[in-house]
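For reference, structure29.cif is printed below; it contains mmCIF, N, CA and C atoms.
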```cif
data_protein
#
loop_
_atom_site.label_atom_id
_atom_site.label_comp_id
_atom_site.auth_asym_id
_atom_site.auth_seq_id
_atom_site.Cartn_x
_atom_site.Cartn_y
_atom_site.Cartn_z
N TYR A 13 -8.93 8.67 -2.25
CA TYR A 13 -8.32 8.13 -1.05
C TYR A 13 -9.30 8.29 0.10
N LEU A 14 -9.54 7.17 0.78
CA LEU A 14 -10.44 7.17 1.94
C LEU A 14 -9.76 6.44 3.08
N PRO A 15 -10.19 6.70 4.32
CA PRO A 15 -9.56 6.02 5.46
C PRO A 15 -9.53 4.51 5.27
N ALA A 16 -8.39 3.92 5.58
CA ALA A 16 -8.19 2.49 5.38
C ALA A 16 -9.26 1.66 6.08
N SER A 17 -9.64 2.05 7.28
CA SER A 17 -10.62 1.26 8.04
C SER A 17 -12.02 1.29 7.43
N HIS A 18 -12.31 2.26 6.60
CA HIS A 18 -13.66 2.38 6.02
C HIS A 18 -13.91 1.43 4.85
N TRP A 19 -12.86 1.09 4.11
CA TRP A 19 -13.06 0.30 2.90
C TRP A 19 -13.79 -1.01 3.17
N GLU A 20 -13.26 -1.83 4.07
CA GLU A 20 -13.83 -3.16 4.28
C GLU A 20 -14.99 -3.17 5.26
N SER A 21 -15.12 -2.13 6.06
CA SER A 21 -16.21 -2.12 7.03
C SER A 21 -17.44 -1.37 6.54
N ILE A 22 -17.26 -0.38 5.67
CA ILE A 22 -18.39 0.45 5.24
C ILE A 22 -18.58 0.46 3.72
N ILE A 23 -17.52 0.86 2.99
CA ILE A 23 -17.66 1.15 1.57
C ILE A 23 -17.95 -0.08 0.72
N PHE A 24 -17.07 -1.09 0.77
CA PHE A 24 -17.32 -2.28 -0.05
C PHE A 24 -18.59 -3.01 0.33
N PRO A 25 -18.88 -3.24 1.61
CA PRO A 25 -20.15 -3.92 1.94
C PRO A 25 -21.39 -3.16 1.47
N ALA A 26 -21.31 -1.84 1.45
CA ALA A 26 -22.46 -1.04 1.00
C ALA A 26 -22.62 -1.06 -0.52
N ARG A 27 -21.54 -1.28 -1.23
CA ARG A 27 -21.59 -1.18 -2.70
C ARG A 27 -21.58 -2.52 -3.41
N ILE A 28 -21.16 -3.59 -2.72
CA ILE A 28 -21.04 -4.89 -3.37
C ILE A 28 -21.86 -5.91 -2.58
N THR A 29 -22.89 -6.41 -3.21
CA THR A 29 -23.73 -7.41 -2.56
C THR A 29 -22.91 -8.67 -2.28
N GLY A 30 -22.98 -9.15 -1.05
CA GLY A 30 -22.25 -10.36 -0.68
C GLY A 30 -20.76 -10.17 -0.57
N TYR A 31 -20.31 -8.94 -0.32
CA TYR A 31 -18.88 -8.67 -0.24
C TYR A 31 -18.22 -9.53 0.84
N ARG A 32 -17.04 -10.09 0.48
CA ARG A 32 -16.23 -10.85 1.43
C ARG A 32 -14.80 -10.32 1.35
N LYS A 33 -14.15 -10.18 2.49
CA LYS A 33 -12.78 -9.67 2.53
C LYS A 33 -11.84 -10.52 1.69
N GLU A 34 -12.11 -11.82 1.63
CA GLU A 34 -11.25 -12.72 0.85
C GLU A 34 -11.24 -12.34 -0.63
N ASP A 35 -12.35 -11.81 -1.12
CA ASP A 35 -12.43 -11.43 -2.53
C ASP A 35 -11.43 -10.32 -2.85
N LEU A 36 -11.36 -9.32 -1.98
CA LEU A 36 -10.41 -8.23 -2.18
C LEU A 36 -8.98 -8.73 -2.10
N ASP A 37 -8.71 -9.60 -1.13
CA ASP A 37 -7.37 -10.18 -1.00
C ASP A 37 -6.97 -10.90 -2.28
N LEU A 38 -7.89 -11.67 -2.83
CA LEU A 38 -7.63 -12.41 -4.07
C LEU A 38 -7.35 -11.48 -5.24
N LEU A 39 -8.15 -10.43 -5.37
CA LEU A 39 -7.96 -9.48 -6.46
C LEU A 39 -6.61 -8.77 -6.36
N CYS A 40 -6.22 -8.42 -5.15
CA CYS A 40 -4.92 -7.76 -4.95
C CYS A 40 -3.77 -8.74 -5.18
N ALA A 41 -3.90 -9.95 -4.66
CA ALA A 41 -2.84 -10.96 -4.83
C ALA A 41 -2.66 -11.36 -6.29
N SER A 42 -3.74 -11.36 -7.05
CA SER A 42 -3.66 -11.75 -8.45
C SER A 42 -3.10 -10.63 -9.34
N GLY A 43 -3.05 -9.42 -8.79
CA GLY A 43 -2.55 -8.30 -9.57
C GLY A 43 -3.62 -7.58 -10.36
N GLU A 44 -4.87 -7.99 -10.22
CA GLU A 44 -5.95 -7.31 -10.94
C GLU A 44 -6.28 -5.96 -10.33
N VAL A 45 -6.10 -5.85 -9.02
CA VAL A 45 -6.39 -4.61 -8.31
C VAL A 45 -5.14 -4.21 -7.55
N LEU A 46 -4.84 -2.93 -7.56
CA LEU A 46 -3.74 -2.44 -6.75
C LEU A 46 -4.25 -1.33 -5.86
N TRP A 47 -3.54 -1.12 -4.79
CA TRP A 47 -3.91 -0.05 -3.87
C TRP A 47 -2.70 0.82 -3.62
N LEU A 48 -2.96 2.08 -3.36
CA LEU A 48 -1.93 3.04 -3.02
C LEU A 48 -2.35 3.71 -1.71
N GLY A 49 -1.38 4.02 -0.88
CA GLY A 49 -1.68 4.65 0.39
C GLY A 49 -1.00 6.00 0.52
N ARG A 50 -1.54 6.79 1.41
CA ARG A 50 -0.90 8.05 1.76
C ARG A 50 -1.41 8.47 3.14
N LYS A 51 -0.60 9.23 3.80
CA LYS A 51 -0.97 9.73 5.12
C LYS A 51 -0.31 11.08 5.29
N ASP A 52 -1.11 12.09 5.40
CA ASP A 52 -0.58 13.44 5.56
C ASP A 52 -0.18 13.67 7.01
N GLU A 53 0.76 14.56 7.19
CA GLU A 53 1.25 14.85 8.54
C GLU A 53 0.09 15.28 9.43
N GLY A 54 0.05 14.72 10.61
CA GLY A 54 -1.00 15.06 11.57
C GLY A 54 -2.23 14.18 11.49
N GLU A 55 -2.35 13.40 10.42
CA GLU A 55 -3.50 12.49 10.31
C GLU A 55 -3.28 11.27 11.20
N LYS A 56 -4.34 10.82 11.84
CA LYS A 56 -4.24 9.64 12.69
C LYS A 56 -4.28 8.36 11.88
N GLU A 57 -5.01 8.36 10.80
CA GLU A 57 -5.17 7.15 9.99
C GLU A 57 -4.81 7.43 8.55
N GLY A 58 -4.11 6.47 7.95
CA GLY A 58 -3.77 6.59 6.55
C GLY A 58 -4.98 6.38 5.66
N LYS A 59 -4.85 6.82 4.42
CA LYS A 59 -5.93 6.66 3.44
C LYS A 59 -5.44 5.79 2.30
N ILE A 60 -6.36 5.06 1.72
CA ILE A 60 -6.04 4.13 0.64
C ILE A 60 -6.98 4.38 -0.54
N ALA A 61 -6.45 4.19 -1.73
CA ALA A 61 -7.26 4.21 -2.95
C ALA A 61 -6.99 2.92 -3.71
N PHE A 62 -8.02 2.36 -4.29
CA PHE A 62 -7.92 1.14 -5.07
C PHE A 62 -8.08 1.47 -6.54
N PHE A 63 -7.32 0.76 -7.38
CA PHE A 63 -7.37 0.96 -8.83
C PHE A 63 -7.33 -0.38 -9.53
N LEU A 64 -7.99 -0.48 -10.67
CA LEU A 64 -7.79 -1.65 -11.52
C LEU A 64 -6.39 -1.53 -12.10
N ALA A 65 -5.68 -2.62 -12.14
CA ALA A 65 -4.28 -2.59 -12.59
C ALA A 65 -4.13 -2.08 -14.02
N ASP A 66 -5.11 -2.34 -14.86
CA ASP A 66 -5.00 -1.88 -16.24
C ASP A 66 -5.45 -0.43 -16.43
N ALA A 67 -5.76 0.28 -15.35
CA ALA A 67 -6.16 1.68 -15.41
C ALA A 67 -4.98 2.59 -15.10
N LYS A 68 -3.85 2.31 -15.73
CA LYS A 68 -2.60 3.02 -15.44
C LYS A 68 -2.72 4.55 -15.54
N PRO A 69 -3.45 5.09 -16.51
CA PRO A 69 -3.56 6.56 -16.56
C PRO A 69 -4.21 7.16 -15.31
N LEU A 70 -5.03 6.37 -14.62
CA LEU A 70 -5.68 6.89 -13.41
C LEU A 70 -4.75 6.93 -12.20
N TYR A 71 -3.89 5.91 -12.05
CA TYR A 71 -3.06 5.86 -10.85
C TYR A 71 -1.64 6.38 -11.04
N THR A 72 -1.16 6.48 -12.26
CA THR A 72 0.21 6.94 -12.50
C THR A 72 0.52 8.29 -11.84
N PRO A 73 -0.38 9.27 -11.90
CA PRO A 73 -0.04 10.55 -11.26
C PRO A 73 0.20 10.45 -9.75
N TYR A 74 -0.33 9.43 -9.12
CA TYR A 74 -0.19 9.28 -7.67
C TYR A 74 1.05 8.48 -7.29
N VAL A 75 1.66 7.80 -8.24
CA VAL A 75 2.82 6.96 -7.98
C VAL A 75 4.10 7.78 -7.99
N LYS A 76 4.17 8.78 -8.81
CA LYS A 76 5.39 9.56 -8.97
C LYS A 76 5.70 10.34 -7.70
N GLN A 77 6.97 10.38 -7.35
CA GLN A 77 7.45 11.10 -6.18
C GLN A 77 8.36 12.23 -6.63
N PRO A 78 8.27 13.38 -5.97
CA PRO A 78 9.23 14.44 -6.30
C PRO A 78 10.65 13.96 -6.01
N PRO A 79 11.61 14.23 -6.89
CA PRO A 79 12.97 13.72 -6.70
C PRO A 79 13.66 14.24 -5.44
N ASP A 80 13.26 15.38 -4.93
CA ASP A 80 13.94 15.93 -3.76
C ASP A 80 13.35 15.45 -2.43
N GLU A 81 12.29 14.68 -2.49
CA GLU A 81 11.64 14.20 -1.28
C GLU A 81 12.40 13.00 -0.72
N GLN A 82 12.79 13.06 0.54
CA GLN A 82 13.53 11.99 1.18
C GLN A 82 12.58 11.01 1.85
N SER A 83 12.94 9.75 1.82
CA SER A 83 12.17 8.71 2.48
C SER A 83 12.60 8.61 3.93
N GLY A 84 11.66 8.24 4.79
CA GLY A 84 11.98 8.00 6.19
C GLY A 84 12.70 6.69 6.40
N ASN A 85 12.68 5.81 5.38
CA ASN A 85 13.34 4.50 5.45
C ASN A 85 14.14 4.26 4.17
N PRO A 86 15.21 5.04 3.95
CA PRO A 86 15.94 4.93 2.68
C PRO A 86 16.58 3.56 2.46
N LYS A 87 17.04 2.90 3.52
CA LYS A 87 17.69 1.59 3.36
C LYS A 87 16.67 0.54 2.87
N LEU A 88 15.50 0.52 3.48
CA LEU A 88 14.46 -0.42 3.08
C LEU A 88 13.97 -0.11 1.67
N LEU A 89 13.80 1.16 1.37
CA LEU A 89 13.37 1.56 0.03
C LEU A 89 14.37 1.13 -1.02
N ALA A 90 15.66 1.30 -0.74
CA ALA A 90 16.71 0.88 -1.68
C ALA A 90 16.67 -0.63 -1.88
N LEU A 91 16.47 -1.38 -0.80
CA LEU A 91 16.38 -2.84 -0.90
C LEU A 91 15.22 -3.24 -1.80
N LEU A 92 14.07 -2.61 -1.62
CA LEU A 92 12.91 -2.92 -2.46
C LEU A 92 13.14 -2.52 -3.91
N GLN A 93 13.77 -1.38 -4.12
CA GLN A 93 14.05 -0.94 -5.49
C GLN A 93 14.99 -1.88 -6.20
N ASN A 94 15.95 -2.44 -5.47
CA ASN A 94 16.94 -3.34 -6.07
C ASN A 94 16.42 -4.76 -6.25
N SER A 95 15.63 -5.24 -5.28
CA SER A 95 15.19 -6.64 -5.34
C SER A 95 13.76 -6.80 -5.86
N GLY A 96 13.02 -5.73 -5.93
CA GLY A 96 11.64 -5.82 -6.41
C GLY A 96 10.70 -6.35 -5.34
N ALA A 97 9.52 -6.71 -5.78
CA ALA A 97 8.49 -7.20 -4.86
C ALA A 97 8.99 -8.42 -4.11
N SER A 98 8.68 -8.47 -2.84
CA SER A 98 9.15 -9.57 -2.00
C SER A 98 8.09 -9.94 -0.97
N PHE A 99 8.09 -11.20 -0.58
CA PHE A 99 7.24 -11.61 0.53
C PHE A 99 7.88 -11.11 1.81
N LEU A 100 7.07 -10.88 2.82
CA LEU A 100 7.54 -10.30 4.07
C LEU A 100 8.66 -11.13 4.71
N THR A 101 8.55 -12.46 4.68
CA THR A 101 9.55 -13.30 5.31
C THR A 101 10.92 -13.14 4.64
N LYS A 102 10.95 -13.16 3.32
CA LYS A 102 12.22 -12.99 2.61
C LYS A 102 12.77 -11.58 2.82
N LEU A 103 11.91 -10.61 2.73
CA LEU A 103 12.34 -9.23 2.93
C LEU A 103 12.91 -9.04 4.34
N SER A 104 12.29 -9.70 5.29
CA SER A 104 12.76 -9.64 6.68
C SER A 104 14.18 -10.20 6.81
N ARG A 105 14.43 -11.32 6.17
CA ARG A 105 15.78 -11.91 6.20
C ARG A 105 16.80 -10.98 5.54
N ASP A 106 16.43 -10.45 4.37
CA ASP A 106 17.35 -9.59 3.63
C ASP A 106 17.63 -8.27 4.36
N TYR A 107 16.64 -7.79 5.09
CA TYR A 107 16.76 -6.49 5.78
C TYR A 107 17.35 -6.63 7.18
N GLY A 108 17.20 -7.83 7.77
CA GLY A 108 17.77 -8.06 9.09
C GLY A 108 16.88 -7.66 10.24
N LYS A 109 15.57 -7.67 10.02
CA LYS A 109 14.61 -7.37 11.08
C LYS A 109 13.56 -8.46 11.10
N LEU A 110 12.97 -8.67 12.27
CA LEU A 110 11.85 -9.61 12.37
C LEU A 110 10.68 -9.09 11.56
N PRO A 111 9.88 -9.99 10.98
CA PRO A 111 8.73 -9.53 10.20
C PRO A 111 7.83 -8.55 10.95
N SER A 112 7.60 -8.80 12.24
CA SER A 112 6.73 -7.92 13.02
C SER A 112 7.32 -6.51 13.16
N GLU A 113 8.64 -6.42 13.20
CA GLU A 113 9.30 -5.11 13.29
C GLU A 113 9.37 -4.43 11.92
N LEU A 114 9.59 -5.22 10.90
CA LEU A 114 9.71 -4.70 9.54
C LEU A 114 8.39 -4.15 9.02
N LEU A 115 7.29 -4.74 9.45
CA LEU A 115 5.98 -4.32 8.99
C LEU A 115 5.73 -2.83 9.24
N ALA A 116 6.15 -2.32 10.39
CA ALA A 116 5.97 -0.89 10.68
C ALA A 116 6.74 -0.03 9.68
N ASP A 117 7.95 -0.46 9.32
CA ASP A 117 8.73 0.29 8.33
C ASP A 117 8.07 0.25 6.95
N LEU A 118 7.52 -0.90 6.60
CA LEU A 118 6.81 -1.02 5.32
C LEU A 118 5.58 -0.12 5.29
N ILE A 119 4.84 -0.09 6.39
CA ILE A 119 3.66 0.77 6.45
C ILE A 119 4.05 2.23 6.31
N ASP A 120 5.19 2.62 6.89
CA ASP A 120 5.67 3.99 6.71
C ASP A 120 5.91 4.30 5.24
N LEU A 121 6.49 3.34 4.51
CA LEU A 121 6.71 3.53 3.08
C LEU A 121 5.40 3.59 2.31
N VAL A 122 4.39 2.85 2.76
CA VAL A 122 3.06 2.92 2.15
C VAL A 122 2.51 4.33 2.29
N TRP A 123 2.57 4.88 3.51
CA TRP A 123 2.02 6.20 3.75
C TRP A 123 2.81 7.28 3.03
N GLU A 124 4.08 7.02 2.73
CA GLU A 124 4.86 7.96 1.92
C GLU A 124 4.46 7.87 0.44
N GLY A 125 3.70 6.84 0.11
CA GLY A 125 3.31 6.66 -1.29
C GLY A 125 4.38 5.97 -2.13
N ARG A 126 5.32 5.27 -1.48
CA ARG A 126 6.44 4.67 -2.19
C ARG A 126 6.31 3.18 -2.45
N VAL A 127 5.49 2.47 -1.67
CA VAL A 127 5.28 1.04 -1.92
C VAL A 127 3.79 0.74 -1.86
N SER A 128 3.45 -0.37 -2.46
CA SER A 128 2.05 -0.81 -2.54
C SER A 128 2.05 -2.31 -2.69
N ASN A 129 0.87 -2.85 -3.01
CA ASN A 129 0.81 -4.28 -3.26
C ASN A 129 1.45 -4.58 -4.58
#
```
Output the file's structure in the form of structure tokens.
Amino acid sequence: YLPASHWESIIFPARITGYRKEDLDLLCASGEVLWLGRKDEGEKEGKIAFFLADAKPLYTPYVKQPPDEQSGNPKLLALLQNSGASFLTKLSRDYGKLPSELLADLIDLVWEGRVSN
């Protein structure tokens, strides 16, 4: 896990010749690459880790949540658990918030380690 802002500005450009942000977007949208986020209390910026989707043994330990840990957004989490992956516009309608307002709640769930791409 590294700071989110470092991936596209420092890490990928340094490691991949001709890196373009669109390439990462495509890999994530296609399901070939997934990312997980976390943010510890007191940190200013969340951290992200990228995994190949077929590398399940590598990312599975980071997906599991302790059963006694409460989410800061239980209603949104329940909606996602019941309806599965959703586009922001549809999720916004189902949840009853504008997409711009809902995005902050989604990011909170990302930093809790509960949702991803």
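DSSP on the backbone gives strand (DSSP E or B) for these parts of chain A: A:Leu14, A:Pro15, A:Val45, A:Leu46, A:Trp47, A:Leu48, A:Gly49, A:Arg50, A:Lys59, A:Ile60, A:Ala61, A:Phe62, A:Phe63, A:Leu64.
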Would you write out, as a PDB file with N, CA and C atoms, in the coordinates of the input, every residue that the PyMOL selection byres ((chain A and resi 49-51) around 6.5) captures in this file?
```pdb
ATOM      1  N   TRP A  47      -3.540  -1.120  -4.790  1.00  0.00           N
ATOM      2  CA  TRP A  47      -3.910  -0.050  -3.870  1.00  0.00           C
ATOM      3  C   TRP A  47      -2.700   0.820  -3.620  1.00  0.00           C
ATOM      4  N   LEU A  48      -2.960   2.080  -3.360  1.00  0.00           N
ATOM      5  CA  LEU A  48      -1.930   3.040  -3.020  1.00  0.00           C
ATOM      6  C   LEU A  48      -2.350   3.710  -1.710  1.00  0.00           C
ATOM      7  N   ASP A  52      -1.110  12.090   5.400  1.00  0.00           N
ATOM      8  CA  ASP A  52      -0.580  13.440   5.560  1.00  0.00           C
ATOM      9  C   ASP A  52      -0.180  13.670   7.010  1.00  0.00           C
ATOM     10  N   GLU A  53       0.760  14.560   7.190  1.00  0.00           N
ATOM     11  CA  GLU A  53       1.250  14.850   8.540  1.00  0.00           C
ATOM     12  C   GLU A  53       0.090  15.280   9.430  1.00  0.00           C
ATOM     13  N   GLY A  54       0.050  14.720  10.610  1.00  0.00           N
ATOM     14  CA  GLY A  54      -1.000  15.060  11.570  1.00  0.00           C
ATOM     15  C   GLY A  54      -2.230  14.180  11.490  1.00  0.00           C
ATOM     16  N   GLU A  55      -2.350  13.400  10.420  1.00  0.00           N
ATOM     17  CA  GLU A  55      -3.500  12.490  10.310  1.00  0.00           C
ATOM     18  C   GLU A  55      -3.280  11.270  11.200  1.00  0.00           C
ATOM     19  N   GLU A  57      -5.010   8.360  10.800  1.00  0.00           N
ATOM     20  CA  GLU A  57      -5.170   7.150   9.990  1.00  0.00           C
ATOM     21  C   GLU A  57      -4.810   7.430   8.550  1.00  0.00           C
ATOM     22  N   GLY A  58      -4.110   6.470   7.950  1.00  0.00           N
ATOM     23  CA  GLY A  58      -3.770   6.590   6.550  1.00  0.00           C
ATOM     24  C   GLY A  58      -4.980   6.380   5.660  1.00  0.00           C
ATOM     25  N   LYS A  59      -4.850   6.820   4.420  1.00  0.00           N
ATOM     26  CA  LYS A  59      -5.930   6.660   3.440  1.00  0.00           C
ATOM     27  C   LYS A  59      -5.440   5.790   2.300  1.00  0.00           C
ATOM     28  N   ILE A  60      -6.360   5.060   1.720  1.00  0.00           N
ATOM     29  CA  ILE A  60      -6.040   4.130   0.640  1.00  0.00           C
ATOM     30  C   ILE A  60      -6.980   4.380  -0.540  1.00  0.00           C
ATOM     31  N   ALA A  61      -6.450   4.190  -1.730  1.00  0.00           N
ATOM     32  CA  ALA A  61      -7.260   4.210  -2.950  1.00  0.00           C
ATOM     33  C   ALA A  61      -6.990   2.920  -3.710  1.00  0.00           C
ATOM     34  N   VAL A 122       4.390   2.850   2.760  1.00  0.00           N
ATOM     35  CA  VAL A 122       3.060   2.920   2.150  1.00  0.00           C
ATOM     36  C   VAL A 122       2.510   4.330   2.290  1.00  0.00           C
ATOM     37  N   TRP A 123       2.570   4.880   3.510  1.00  0.00           N
ATOM     38  CA  TRP A 123       2.020   6.200   3.750  1.00  0.00           C
ATOM     39  C   TRP A 123       2.810   7.280   3.030  1.00  0.00           C
ATOM     40  N   GLU A 124       4.080   7.020   2.730  1.00  0.00           N
ATOM     41  CA  GLU A 124       4.860   7.960   1.920  1.00  0.00           C
ATOM     42  C   GLU A 124       4.460   7.870   0.440  1.00  0.00           C
ATOM     43  N   GLY A 125       3.700   6.840   0.110  1.00  0.00           N
ATOM     44  CA  GLY A 125       3.310   6.660  -1.290  1.00  0.00           C
ATOM     45  C   GLY A 125       4.380   5.970  -2.130  1.00  0.00           C
ATOM     46  N   VAL A 127       5.490   2.470  -1.670  1.00  0.00           N
ATOM     47  CA  VAL A 127       5.280   1.040  -1.920  1.00  0.00           C
ATOM     48  C   VAL A 127       3.790   0.740  -1.860  1.00  0.00           C
ATOM     49  N   SER A 128       3.450  -0.370  -2.460  1.00  0.00           N
ATOM     50  CA  SER A 128       2.050  -0.810  -2.540  1.00  0.00           C
ATOM     51  C   SER A 128       2.050  -2.310  -2.690  1.00  0.00           C
TER      52      SER A 128
END
```
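Coordinates place atom CA of A:Phe62 at a distance of 24.1 Å from atom N of A:Asn94.
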> Can you tell me, as JSON, numbers by chain, what residues are no more than 8 Å from stretch 82-92 of chain A when counting only N, CA and C atoms, ignoring any on the same chain fewer than 4 positions away?
Replying inline: {"A": [78, 96, 97, 98, 106, 107, 117, 118, 120, 121, 124, 126]}
> Which distance in Å separates atom CA of A:Asn129 and atom CA of A:Glu44, to one decimal?
Replying inline: 10.7 Å
